[in-house]
>>> print(open('work_35.tsv').read())   # TSV, C-alpha atoms
chain	number	residue	atom	x	y	z
A	199	MET	CA	59.19	42.98	-38.47
A	200	ASN	CA	61.53	41.14	-36.09
A	201	ALA	CA	59.28	42.08	-33.18
A	202	PHE	CA	56.27	40.61	-34.98
A	203	LEU	CA	58.08	37.31	-35.63
A	204	ILE	CA	59.18	37.09	-32.00
A	205	ALA	CA	55.58	37.67	-30.80
A	206	CYS	CA	54.19	34.96	-33.11
A	207	THR	CA	56.84	32.51	-31.96
A	208	PHE	CA	55.98	33.20	-28.29
A	209	ILE	CA	52.21	32.72	-28.80
A	210	PHE	CA	52.78	29.43	-30.66
A	211	SER	CA	55.04	28.14	-27.87
A	212	VAL	CA	52.49	29.03	-25.17
A	213	THR	CA	49.68	27.33	-27.13
A	214	LEU	CA	51.70	24.14	-27.45
A	215	ALA	CA	52.48	24.22	-23.74
A	216	PHE	CA	48.80	24.52	-22.76
A	217	ALA	CA	47.81	21.79	-25.21
A	218	ASP	CA	50.45	19.51	-23.70
A	219	ASP	CA	49.15	20.26	-20.19
A	220	ASP	CA	45.57	19.47	-21.30
A	221	ASP	CA	46.68	16.12	-22.72
A	222	LYS	CA	48.43	15.26	-19.46
A	223	ALA	CA	45.38	16.29	-17.45
A	224	ALA	CA	43.13	14.15	-19.64
A	225	VAL	CA	45.38	11.16	-19.13
A	226	LYS	CA	45.44	11.65	-15.36
A	227	GLN	CA	41.67	12.03	-14.90
A	228	PRO	CA	40.45	9.24	-12.59
A	229	ASP	CA	38.10	6.70	-14.15
A	230	PHE	CA	35.75	5.94	-11.24
A	231	ALA	CA	33.67	3.45	-13.17
A	232	LYS	CA	36.66	1.14	-13.67
A	233	SER	CA	37.82	1.24	-10.06
A	234	GLY	CA	36.32	-0.77	-7.26
A	235	THR	CA	38.87	-1.85	-4.66
A	236	VAL	CA	39.92	-0.11	-1.46
A	237	PHE	CA	42.60	-1.20	1.00
A	238	LEU	CA	42.16	-0.11	4.61
A	239	ALA	CA	44.25	-1.21	7.57
A	240	ALA	CA	42.51	-2.98	10.44
A	241	LYS	CA	43.32	-0.13	12.84
A	242	ALA	CA	41.83	2.43	10.46
A	243	GLN	CA	38.70	0.29	10.19
A	244	SER	CA	38.34	0.24	13.96
A	245	VAL	CA	38.97	3.96	14.39
A	246	SER	CA	36.48	4.89	11.67
A	247	GLY	CA	33.74	2.69	13.16
A	248	LEU	CA	33.38	0.60	10.02
A	249	GLN	CA	30.90	-2.27	10.46
A	250	THR	CA	29.89	-5.25	8.35
A	251	VAL	CA	27.19	-7.92	8.44
A	252	THR	CA	27.06	-11.36	6.86
A	253	LEU	CA	24.29	-11.51	4.29
A	254	THR	CA	21.72	-14.28	4.61
A	255	PRO	CA	19.56	-15.69	1.80
A	256	VAL	CA	15.94	-14.54	1.63
A	257	SER	CA	12.93	-15.26	-0.54
A	258	HIS	CA	11.22	-12.16	-1.87
A	259	HIS	CA	8.00	-11.58	-3.77
A	260	ALA	CA	8.11	-8.70	-6.23
A	261	GLU	CA	5.71	-5.88	-5.40
A	262	PHE	CA	4.00	-2.98	-7.12
A	263	MET	CA	2.74	0.21	-5.55
A	264	ALA	CA	-0.82	1.43	-5.34
A	265	TYR	CA	-2.53	4.20	-3.43
A	266	GLY	CA	-5.72	4.64	-1.49
A	267	LYS	CA	-7.34	6.28	1.50
A	268	ALA	CA	-8.67	5.56	4.96
A	269	VAL	CA	-12.45	5.49	4.64
A	270	ASN	CA	-15.00	6.93	7.05
A	271	VAL	CA	-17.43	4.15	8.02
A	272	GLN	CA	-20.06	6.59	9.33
A	273	PRO	CA	-22.28	6.23	6.22
A	274	LEU	CA	-22.14	2.44	6.62
A	275	ILE	CA	-23.11	2.75	10.28
A	276	GLU	CA	-26.04	4.97	9.34
A	277	LEU	CA	-27.20	2.36	6.84
A	278	ARG	CA	-27.00	-0.24	9.59
A	279	HIS	CA	-29.14	1.87	11.93
A	280	ARG	CA	-31.71	2.51	9.20
A	281	TYR	CA	-31.81	-1.19	8.39
A	282	LEU	CA	-32.26	-2.25	12.01
A	283	LEU	CA	-35.02	0.36	12.41
A	284	ALA	CA	-36.70	-0.99	9.27
A	285	LEU	CA	-36.50	-4.52	10.70
A	286	THR	CA	-38.08	-3.28	13.93
A	287	GLU	CA	-40.88	-1.61	12.01
A	288	ARG	CA	-41.36	-4.76	9.96
A	289	GLY	CA	-41.58	-6.79	13.15
A	290	GLY	CA	-44.28	-4.47	14.47
A	291	ALA	CA	-46.13	-4.58	11.14
A	292	ALA	CA	-45.93	-8.38	11.12
A	293	ALA	CA	-47.39	-8.54	14.64
A	294	ARG	CA	-50.25	-6.22	13.69
A	295	PHE	CA	-50.94	-8.21	10.54
A	296	THR	CA	-51.03	-11.46	12.50
A	297	GLN	CA	-53.53	-9.91	14.89
A	298	ALA	CA	-55.59	-8.59	11.96
A	299	GLU	CA	-55.75	-12.08	10.43
A	300	GLN	CA	-57.01	-13.52	13.71
A	301	ASN	CA	-59.57	-10.73	14.04
A	302	ILE	CA	-60.94	-11.15	10.53
A	303	ARG	CA	-61.31	-14.91	10.96
A	304	ARG	CA	-63.23	-14.32	14.17
A	305	GLN	CA	-65.46	-11.71	12.48
A	306	GLN	CA	-66.11	-14.10	9.60
A	307	ASP	CA	-67.20	-16.82	12.04
A	308	LEU	CA	-69.43	-14.39	13.91
A	309	TYR	CA	-70.94	-13.11	10.66
A	310	ARG	CA	-71.76	-16.65	9.51
A	311	ASP	CA	-73.45	-17.28	12.86
A	312	GLY	CA	-75.35	-13.99	12.58
A	313	ALA	CA	-73.67	-12.62	15.70
A	314	THR	CA	-72.21	-9.53	14.01
A	315	SER	CA	-73.11	-7.18	11.22
A	316	LYS	CA	-71.68	-7.08	7.73
A	317	ARG	CA	-70.37	-3.59	8.44
A	318	ASN	CA	-68.21	-4.88	11.29
A	319	LEU	CA	-66.82	-7.54	8.97
A	320	GLN	CA	-66.02	-4.92	6.32
A	321	VAL	CA	-64.27	-2.72	8.88
A	322	GLN	CA	-62.12	-5.67	9.93
A	323	GLN	CA	-61.33	-6.51	6.31
A	324	ALA	CA	-60.19	-2.92	5.72
A	325	GLN	CA	-57.94	-3.11	8.78
A	326	TRP	CA	-56.48	-6.39	7.52
A	327	GLN	CA	-55.65	-4.79	4.16
A	328	THR	CA	-54.06	-1.78	5.87
A	329	ASP	CA	-51.89	-3.95	8.09
A	330	LYS	CA	-50.85	-6.11	5.13
A	331	ALA	CA	-49.87	-3.03	3.11
A	332	GLN	CA	-47.76	-1.75	6.02
A	333	LEU	CA	-46.08	-5.15	6.32
A	334	ASP	CA	-45.25	-5.19	2.61
A	335	ALA	CA	-43.98	-1.59	2.72
A	336	SER	CA	-41.68	-2.30	5.65
A	337	GLY	CA	-40.25	-5.27	3.76
A	338	VAL	CA	-39.61	-3.13	0.68
A	339	GLN	CA	-37.92	-0.48	2.84
A	340	ALA	CA	-35.57	-3.02	4.43
A	341	LYS	CA	-34.69	-4.48	1.03
A	342	ALA	CA	-34.00	-1.01	-0.39
A	343	ILE	CA	-31.55	-0.28	2.43
A	344	ALA	CA	-29.82	-3.64	1.91
A	345	ASP	CA	-29.53	-2.97	-1.84
A	346	GLU	CA	-28.08	0.49	-1.16
A	347	ALA	CA	-25.49	-1.02	1.16
A	348	ARG	CA	-24.41	-3.60	-1.43
A	349	LEU	CA	-24.17	-1.01	-4.20
A	350	ASN	CA	-21.96	1.31	-2.15
A	351	TRP	CA	-19.99	-1.09	0.05
A	352	GLY	CA	-20.03	-4.51	-1.59
A	353	LYS	CA	-21.33	-7.85	-0.37
A	354	LYS	CA	-18.93	-8.55	2.52
A	355	LEU	CA	-19.13	-5.17	4.27
A	356	SER	CA	-22.91	-5.14	3.75
A	357	GLU	CA	-23.18	-8.50	5.46
A	358	TRP	CA	-21.15	-7.18	8.38
A	359	ALA	CA	-23.26	-4.04	8.64
A	360	LEU	CA	-26.68	-5.64	8.25
A	361	ALA	CA	-26.12	-8.55	10.62
A	362	THR	CA	-28.04	-8.22	13.88
A	363	ASP	CA	-24.86	-8.93	15.84
A	364	SER	CA	-21.88	-7.51	13.96
A	365	GLU	CA	-18.71	-8.02	15.98
A	366	LEU	CA	-16.57	-7.44	12.87
A	367	LEU	CA	-18.07	-4.00	12.29
A	368	SER	CA	-17.59	-3.03	15.92
A	369	ALA	CA	-13.81	-3.21	15.38
A	370	PHE	CA	-14.11	-0.12	13.16
A	371	LEU	CA	-16.30	1.64	15.73
A	372	SER	CA	-13.83	1.02	18.54
A	373	GLY	CA	-10.83	2.10	16.45
A	374	ARG	CA	-9.16	-1.32	16.58
A	375	GLN	CA	-9.36	-1.47	12.79
A	376	THR	CA	-9.34	1.17	10.04
A	377	LEU	CA	-11.11	0.64	6.74
A	378	LEU	CA	-9.01	1.28	3.62
A	379	GLN	CA	-9.97	1.55	-0.03
A	380	ILE	CA	-6.98	0.80	-2.28
A	381	THR	CA	-7.14	1.43	-6.03
A	382	LEU	CA	-4.73	-0.44	-8.28
A	383	PRO	CA	-2.97	0.96	-11.35
A	384	VAL	CA	-5.03	0.35	-14.48
A	385	ASN	CA	-2.71	-2.42	-15.72
A	386	LYS	CA	-2.54	-4.35	-12.44
A	387	GLN	CA	-4.66	-7.02	-10.77
A	388	LEU	CA	-4.62	-8.76	-7.41
A	389	ALA	CA	-3.29	-12.31	-7.32
A	390	SER	CA	-6.15	-14.77	-6.87
A	391	ASP	CA	-4.81	-16.06	-3.54
A	392	LEU	CA	-3.75	-12.69	-2.11
A	393	GLN	CA	-4.94	-11.93	1.41
A	394	THR	CA	-2.39	-9.44	2.77
A	395	ILE	CA	-0.73	-6.25	1.54
A	396	TYR	CA	1.46	-3.64	3.27
A	397	VAL	CA	0.39	-0.03	3.81
A	398	GLU	CA	1.89	3.15	5.25
A	399	ALA	CA	0.74	6.76	5.26
A	400	SER	CA	4.09	8.46	4.56
A	401	GLY	CA	5.25	6.11	1.80
A	402	ASN	CA	8.00	4.50	3.91
A	403	ARG	CA	8.13	0.82	2.90
A	404	SER	CA	10.27	-0.23	5.85
A	405	ALA	CA	7.63	1.13	8.26
A	406	ALA	CA	4.65	-0.41	6.45
A	407	GLY	CA	2.23	-2.66	8.30
A	408	LYS	CA	-0.11	-5.40	7.17
A	409	ALA	CA	-3.62	-4.87	5.84
A	410	GLY	CA	-6.06	-7.72	5.25
A	411	LEU	CA	-8.29	-8.06	2.22
A	412	ILE	CA	-12.04	-7.69	2.83
A	413	SER	CA	-13.56	-7.66	-0.65
A	414	ALA	CA	-13.67	-5.90	-3.99
A	415	ALA	CA	-15.12	-2.39	-3.83
A	416	PRO	CA	-18.14	-1.76	-6.10
A	417	GLN	CA	-16.93	1.78	-6.85
A	418	THR	CA	-13.44	2.88	-7.83
A	419	ASP	CA	-11.42	6.05	-7.34
A	420	LEU	CA	-12.17	8.36	-10.27
A	421	SER	CA	-8.60	9.70	-10.26
A	422	ALA	CA	-7.01	6.25	-10.66
A	423	GLN	CA	-9.53	4.25	-12.72
A	424	GLY	CA	-8.10	0.88	-11.67
A	425	GLU	CA	-9.71	-1.96	-9.76
A	426	SER	CA	-10.54	-1.01	-6.19
A	427	TYR	CA	-10.59	-3.13	-3.03
A	428	PHE	CA	-11.45	-2.78	0.64
A	429	PHE	CA	-8.80	-3.70	3.23
A	430	GLN	CA	-8.59	-3.36	6.99
A	431	THR	CA	-5.56	-2.52	9.10
A	432	ASP	CA	-4.82	-2.26	12.80
A	433	ASN	CA	-2.21	0.48	12.20
A	434	SER	CA	-3.22	3.13	14.74
A	435	HIS	CA	-1.23	5.82	12.90
A	436	ILE	CA	-3.55	5.67	9.89
A	437	ARG	CA	-6.55	7.90	10.50
A	438	VAL	CA	-9.75	8.47	8.56
A	439	GLY	CA	-9.15	10.73	5.57
A	440	MET	CA	-5.42	9.97	5.22
A	441	ARG	CA	-3.97	8.99	1.88
A	442	VAL	CA	-1.94	5.79	2.10
A	443	ALA	CA	0.62	4.00	-0.04
A	444	ALA	CA	0.26	0.26	-0.53
A	445	TRP	CA	2.78	-2.39	-1.57
A	446	ILE	CA	1.07	-5.32	-3.24
A	447	PRO	CA	2.72	-8.64	-4.18
A	448	GLU	CA	2.91	-9.29	-7.90
A	449	GLN	CA	1.49	-12.43	-9.41
A	450	GLY	CA	4.26	-14.97	-9.88
A	451	GLU	CA	6.90	-16.90	-7.98
A	452	ASN	CA	9.22	-15.72	-5.22
A	453	GLN	CA	12.73	-14.51	-6.03
A	454	SER	CA	15.91	-15.49	-4.20
A	455	GLY	CA	18.40	-12.87	-3.08
A	456	VAL	CA	19.50	-10.83	-0.07
A	457	VAL	CA	18.20	-7.84	1.87
A	458	ILE	CA	20.64	-5.00	2.44
A	459	PRO	CA	20.07	-2.32	5.11
A	460	LYS	CA	19.44	1.23	3.93
A	461	SER	CA	22.67	2.37	5.58
A	462	ALA	CA	24.68	0.12	3.24
A	463	LEU	CA	23.53	1.83	0.05
A	464	ILE	CA	25.63	4.78	-1.15
A	465	TRP	CA	25.24	7.00	-4.17
A	466	TYR	CA	27.68	8.62	-6.57
A	467	MET	CA	26.87	10.18	-9.94
A	468	ASP	CA	23.28	8.87	-9.82
A	469	GLN	CA	24.44	5.29	-9.35
A	470	ALA	CA	23.88	3.07	-6.30
A	471	PHE	CA	26.78	1.11	-4.80
A	472	VAL	CA	27.67	-1.04	-1.81
A	473	TYR	CA	31.01	-2.22	-0.46
A	474	ILE	CA	31.80	-5.89	0.20
A	475	LYS	CA	34.66	-6.92	2.48
A	476	THR	CA	36.64	-9.40	0.40
A	477	ALA	CA	39.70	-9.74	2.65
A	478	GLU	CA	40.87	-8.58	6.06
A	479	GLN	CA	41.97	-5.21	4.71
A	480	GLN	CA	40.34	-5.19	1.28
A	481	PHE	CA	36.93	-3.93	0.16
A	482	SER	CA	35.28	-4.23	-3.24
A	483	ARG	CA	32.69	-1.81	-4.57
A	484	ARG	CA	29.64	-3.40	-6.23
A	485	THR	CA	27.18	-1.63	-8.49
A	486	ILE	CA	23.50	-2.11	-7.61
A	487	ASP	CA	21.44	-1.80	-10.77
A	488	GLN	CA	18.12	-3.18	-9.52
A	489	TYR	CA	16.69	-3.21	-6.04
A	490	SER	CA	13.27	-2.89	-4.43
A	491	ALA	CA	12.26	-1.46	-1.08
A	492	THR	CA	11.15	-3.99	1.49
A	493	THR	CA	10.85	-4.34	5.23
A	494	GLY	CA	14.31	-3.85	6.71
A	495	GLY	CA	15.94	-2.25	3.67
A	496	TYR	CA	16.26	-3.18	0.01
A	497	PHE	CA	15.96	-6.54	-1.71
A	498	VAL	CA	18.71	-7.29	-4.24
A	499	GLY	CA	18.34	-10.28	-6.52
A	500	ASN	CA	21.76	-10.33	-8.19
A	501	GLY	CA	25.24	-8.87	-7.88
A	502	ILE	CA	25.57	-9.72	-4.18
A	503	ASN	CA	25.58	-13.21	-2.70
A	504	ALA	CA	24.49	-14.63	0.62
A	505	GLY	CA	27.45	-15.22	2.93
A	506	GLU	CA	29.37	-12.13	1.80
A	507	GLN	CA	30.41	-9.43	4.26
A	508	LEU	CA	28.44	-6.25	3.52
A	509	VAL	CA	29.62	-2.89	4.83
A	510	VAL	CA	26.65	-1.33	6.64
A	511	ILE	CA	28.48	1.56	8.34
A	512	GLY	CA	31.44	3.27	6.72
A	513	GLY	CA	30.59	2.87	3.04
A	514	GLN	CA	30.74	6.60	2.41
A	515	MET	CA	34.18	6.73	4.01
A	516	LEU	CA	35.39	3.90	1.74
A	517	LEU	CA	34.02	5.75	-1.27
A	518	SER	CA	35.98	8.84	-0.25
A	519	GLU	CA	39.14	6.76	0.22
A	520	GLU	CA	38.73	5.13	-3.18
A	521	PHE	CA	38.09	8.43	-4.89
A	522	ARG	CA	41.00	10.11	-3.08
A	523	GLY	CA	43.31	7.34	-4.25
A	524	GLN	CA	42.44	8.12	-7.87
A	525	ILE	CA	43.21	11.84	-7.71
A	526	PRO	CA	46.63	12.44	-9.30
A	527	ASN	CA	49.37	14.10	-7.26
A	528	GLU	CA	49.78	17.71	-8.37
A	529	ASP	CA	53.55	17.34	-8.15
A	530	ASP	CA	53.56	14.51	-10.73
>>> encode(input="work_35.tsv", output="structure tokens")
Amino acid sequence: MNAFLIACTFIFSVTLAFADDDDKAAVKQPDFAKSGTVFLAAKAQSVSGLQTVTLTPVSHHAEFMAYGKAVNVQPLIELRHRYLLALTERGGAAARFTQAEQNIRRQQDLYRDGATSKRNLQVQQAQWQTDKAQLDASGVQAKAIADEARLNWGKKLSEWALATDSELLSAFLSGRQTLLQITLPVNKQLASDLQTIYVEASGNRSAAGKAGLISAAPQTDLSAQGESYFFQTDNSHIRVGMRVAAWIPEQGENQSGVVIPKSALIWYMDQAFVYIKTAEQQFSRRTIDQYSATTGGYFVGNGINAGEQLVVIGGQMLLSEEFRGQIPNEDD
């Protein structure tokens, strides 16, 4: 019986000891969300290679993403060749018809003067009708090709393709320009004054180049179902058949803020942060809740001000220093 009481007393004492240790551990757990200041000596900053830049104000237009593809212009070129051939045939038919009109007038004069037979006049009339039918048919053929071009490529590209001297279309043939078809999300529209977007094949916004608006596309991408537009780009890395990402300015006014380099952004527990140098040896961590990719890094509209010193190299080291400073000493 005494042994049983001693054992119970021992177990109860051990349980209380562990509970007390758990309470102490809970109290000493670092609260990262409430911390945000790091002190680092000037020499340590130099040795670690820490670098800062002074932020400058920028004006930014919000963007949305869309996707598209680099289009093969070969079918458009074939339409152009068919159209030019139809024009040539129409020119020949027009010349033959003009000659037939002259011939029939001459035969009519000769017939009235009794210098030719009625049969010869009838033969010439039949030839006139044949030449007129060929002229009309060549005109219908040319119009059918023009209509096909407009249905598949829109008014602007059709005008480029069907012009007798199309310098604009030759840019696609020489490879100086690549034709793009970009399809917007179903709930998006182009701003009425938009002329330029940014495109890139790998989805890297900072590497995106300009693409100029040509016209609305008469047919859309079946997989996207949004409005579709033709653009042209001189980006030599975008080849026919490639899928491309596009960044398109939203309708609305510009926003004021700053652009931070990619190297300045650090992550911890699914949250983005940057460090701002607030004194010679003091750094403050700032939470970045909203940002958007842009050329040169990320645009931030609030939380960071122009004129502040942003850490662009060494932010991860500062994060480690801050976190290390919150870990309790095991001897305490």
>>> atom_distance(input="work_35.tsv", atom1="atom CA of Glu276 of chain A", atom2="atom CA of Ala409 of chain A")
24.7 Å
>>> residues_around(input="work_35.tsv", residues="Met515 of chain A", least_positions_apart="6", cutoff="12 Å", atoms="only C-alpha atoms", output="ChimeraX atom specification")
/A:236-238,242-243,245-249,462,464,472-473,481,509,521-522
>>> atom_distance(input="work_35.tsv", atom1="atom CA of Asn301 of chain A", atom2="atom CA of Gln325 of chain A")
9.4 Å
>>> closest_residue(input="work_35.tsv", among="A:Asp329, A:Glu346, A:Glu519, A:Glu365", to="Arg280 of chain A", atoms="only C-alpha atoms")
A:Glu346
>>> residues_around(input="work_35.tsv", residues="Ile486 of chain A", least_positions_apart="3", cutoff="9 Å", atoms="all atoms listed in the file", output="PyMOL selection string")
chain A and resi 463+469-472+489+498+500-502
>>> atom_distance(input="work_35.tsv", atom1="atom CA of Leu360 of chain A", atom2="atom CA of Ala342 of chain A")
12.2 Å
>>> closest_residue(input="work_35.tsv", among="A:Leu349, A:Phe295, A:Ile395, A:Gln423", to="Thr328 of chain A", atoms="only C-alpha atoms")
A:Phe295
>>> residues_near_point(input="work_35.tsv", point="(38.9, -8.2, 2.5)", cutoff="10 Å", atoms="only C-alpha atoms", output="VMD selection string")
chain A and resid 235 to 238 474 to 482 507
>>> closest_residue(input="work_35.tsv", among="A:Glu506, A:Asp363, A:Asp468, A:Glu261", to="Arg278 of chain A", atoms="all atoms listed in the file")
A:Asp363
>>> closest_residue(input="work_35.tsv", among="A:Ile412, A:Ala504, A:Ala444, A:Ala399", to="Val456 of chain A", atoms="all atoms listed in the file")
A:Ala504
>>> closest_residue(input="work_35.tsv", among="A:Phe370, A:Phe497, A:Trp326, A:Trp351", to="Gln453 of chain A", atoms="all atoms listed in the file")
A:Phe497
>>> residues_around(input="work_35.tsv", residues="Arg294 of chain A", least_positions_apart="4", cutoff="9 Å", atoms="all atoms listed in the file", output="PyMOL selection string")
chain A and resi 289-290+298-299+326+329-330+333
>>> closest_residue(input="work_35.tsv", among="A:Met263, A:Ala340, A:Ala292, A:Ala389", to="Asn402 of chain A", atoms="all atoms listed in the file")
A:Met263
>>> residues_near_point(input="work_35.tsv", point="(-4.8, 6.0, 13.2)", cutoff="10 Å", atoms="all atoms listed in the file", output="list of chain:residue names")
A:Ala268, A:Gly373, A:Arg374, A:Gln375, A:Thr376, A:Ala399, A:Thr431, A:Asp432, A:Asn433, A:Ser434, A:His435, A:Ile436, A:Arg437, A:Val438, A:Gly439, A:Met440
>>> residues_around(input="work_35.tsv", residues="Ser257 of chain A", least_positions_apart="5", cutoff="7 Å", atoms="only C-alpha atoms", output="list in words")
Asn452, Gln453, Ser454 and Gly455 of chain A
>>> residues_around(input="work_35.tsv", residues="Leu371 of chain A", least_positions_apart="6", cutoff="10 Å", atoms="all atoms listed in the file", output="ChimeraX atom specification")
/A:271-272,275,365
>>> decode(input="work_35.tsv", residues="segment 331-413 of chain A", atoms="C-alpha atoms", output="short mmCIF file (atom, residue, chain, number, x, y, z; two decimals), in the first residue's frame")
data_model
loop_
_atom_site.label_atom_id
_atom_site.label_comp_id
_atom_site.auth_asym_id
_atom_site.auth_seq_id
_atom_site.Cartn_x
_atom_site.Cartn_y
_atom_site.Cartn_z
CA ALA A 331 -19.60 37.00 -118.27
CA GLN A 332 -15.89 36.35 -117.66
CA LEU A 333 -15.43 39.95 -116.49
CA ASP A 334 -18.34 39.63 -114.05
CA ALA A 335 -17.09 36.26 -112.78
CA SER A 336 -13.59 37.60 -112.13
CA GLY A 337 -15.11 40.47 -110.15
CA VAL A 338 -17.18 38.06 -108.05
CA GLN A 339 -14.09 35.92 -107.40
CA ALA A 340 -12.06 38.90 -106.19
CA LYS A 341 -14.90 40.03 -103.92
CA ALA A 342 -15.27 36.53 -102.47
CA ILE A 343 -11.58 36.46 -101.56
CA ALA A 344 -11.82 39.91 -99.97
CA ASP A 345 -14.87 38.83 -97.95
CA GLU A 346 -13.07 35.68 -96.79
CA ALA A 347 -10.12 37.77 -95.64
CA ARG A 348 -12.33 40.13 -93.63
CA LEU A 349 -14.24 37.27 -92.01
CA ASN A 350 -11.07 35.51 -90.87
CA TRP A 351 -8.65 38.38 -90.27
CA GLY A 352 -10.67 41.54 -89.72
CA LYS A 353 -10.72 44.82 -91.61
CA LYS A 354 -7.23 46.16 -90.85
CA LEU A 355 -5.22 43.02 -91.66
CA SER A 356 -7.36 42.46 -94.76
CA GLU A 357 -6.53 45.95 -95.97
CA TRP A 358 -2.83 45.25 -95.44
CA ALA A 359 -3.03 41.93 -97.26
CA LEU A 360 -5.17 43.04 -100.20
CA ALA A 361 -3.31 46.26 -100.95
CA THR A 362 -1.24 46.09 -104.13
CA ASP A 363 1.79 47.42 -102.25
CA SER A 364 1.69 46.16 -98.67
CA GLU A 365 4.80 47.30 -96.81
CA LEU A 366 3.11 46.61 -93.46
CA LEU A 367 2.49 42.97 -94.34
CA SER A 368 6.07 42.51 -95.53
CA ALA A 369 7.24 43.09 -91.93
CA PHE A 370 5.67 39.74 -91.02
CA LEU A 371 7.24 38.05 -94.04
CA SER A 372 10.72 39.31 -93.18
CA GLY A 373 10.39 38.36 -89.50
CA ARG A 374 10.69 41.94 -88.26
CA GLN A 375 7.23 41.60 -86.70
CA THR A 376 5.26 38.68 -85.29
CA LEU A 377 1.48 38.58 -85.36
CA LEU A 378 -0.23 37.82 -82.04
CA GLN A 379 -3.82 37.00 -81.19
CA ILE A 380 -4.59 37.83 -77.56
CA THR A 381 -7.85 36.74 -75.94
CA LEU A 382 -9.07 38.60 -72.86
CA PRO A 383 -10.75 37.06 -69.82
CA VAL A 384 -14.53 37.03 -70.24
CA ASN A 385 -15.04 39.89 -67.76
CA LYS A 386 -12.39 42.21 -69.23
CA GLN A 387 -12.31 44.79 -72.02
CA LEU A 388 -9.62 46.92 -73.61
CA ALA A 389 -9.53 50.58 -72.67
CA SER A 390 -10.81 52.71 -75.54
CA ASP A 391 -7.50 54.55 -75.96
CA LEU A 392 -5.21 51.54 -75.49
CA GLN A 393 -2.52 51.07 -78.13
CA THR A 394 0.23 49.09 -76.35
CA ILE A 395 0.40 46.00 -74.15
CA TYR A 396 3.32 43.92 -72.86
CA VAL A 397 3.92 40.30 -73.86
CA GLU A 398 6.37 37.52 -73.02
CA ALA A 399 6.46 33.83 -73.85
CA SER A 400 7.63 32.47 -70.47
CA GLY A 401 5.33 34.60 -68.29
CA ASN A 402 8.14 36.78 -66.92
CA ARG A 403 6.71 40.29 -66.54
CA SER A 404 10.09 41.95 -66.05
CA ALA A 405 11.25 40.58 -69.42
CA ALA A 406 8.08 41.51 -71.32
CA GLY A 407 8.27 43.66 -74.43
CA LYS A 408 5.78 45.93 -76.14
CA ALA A 409 3.13 44.82 -78.61
CA GLY A 410 1.05 47.25 -80.66
CA LEU A 411 -2.67 46.95 -81.26
CA ILE A 412 -3.74 46.20 -84.84
CA SER A 413 -7.48 45.56 -84.59
#
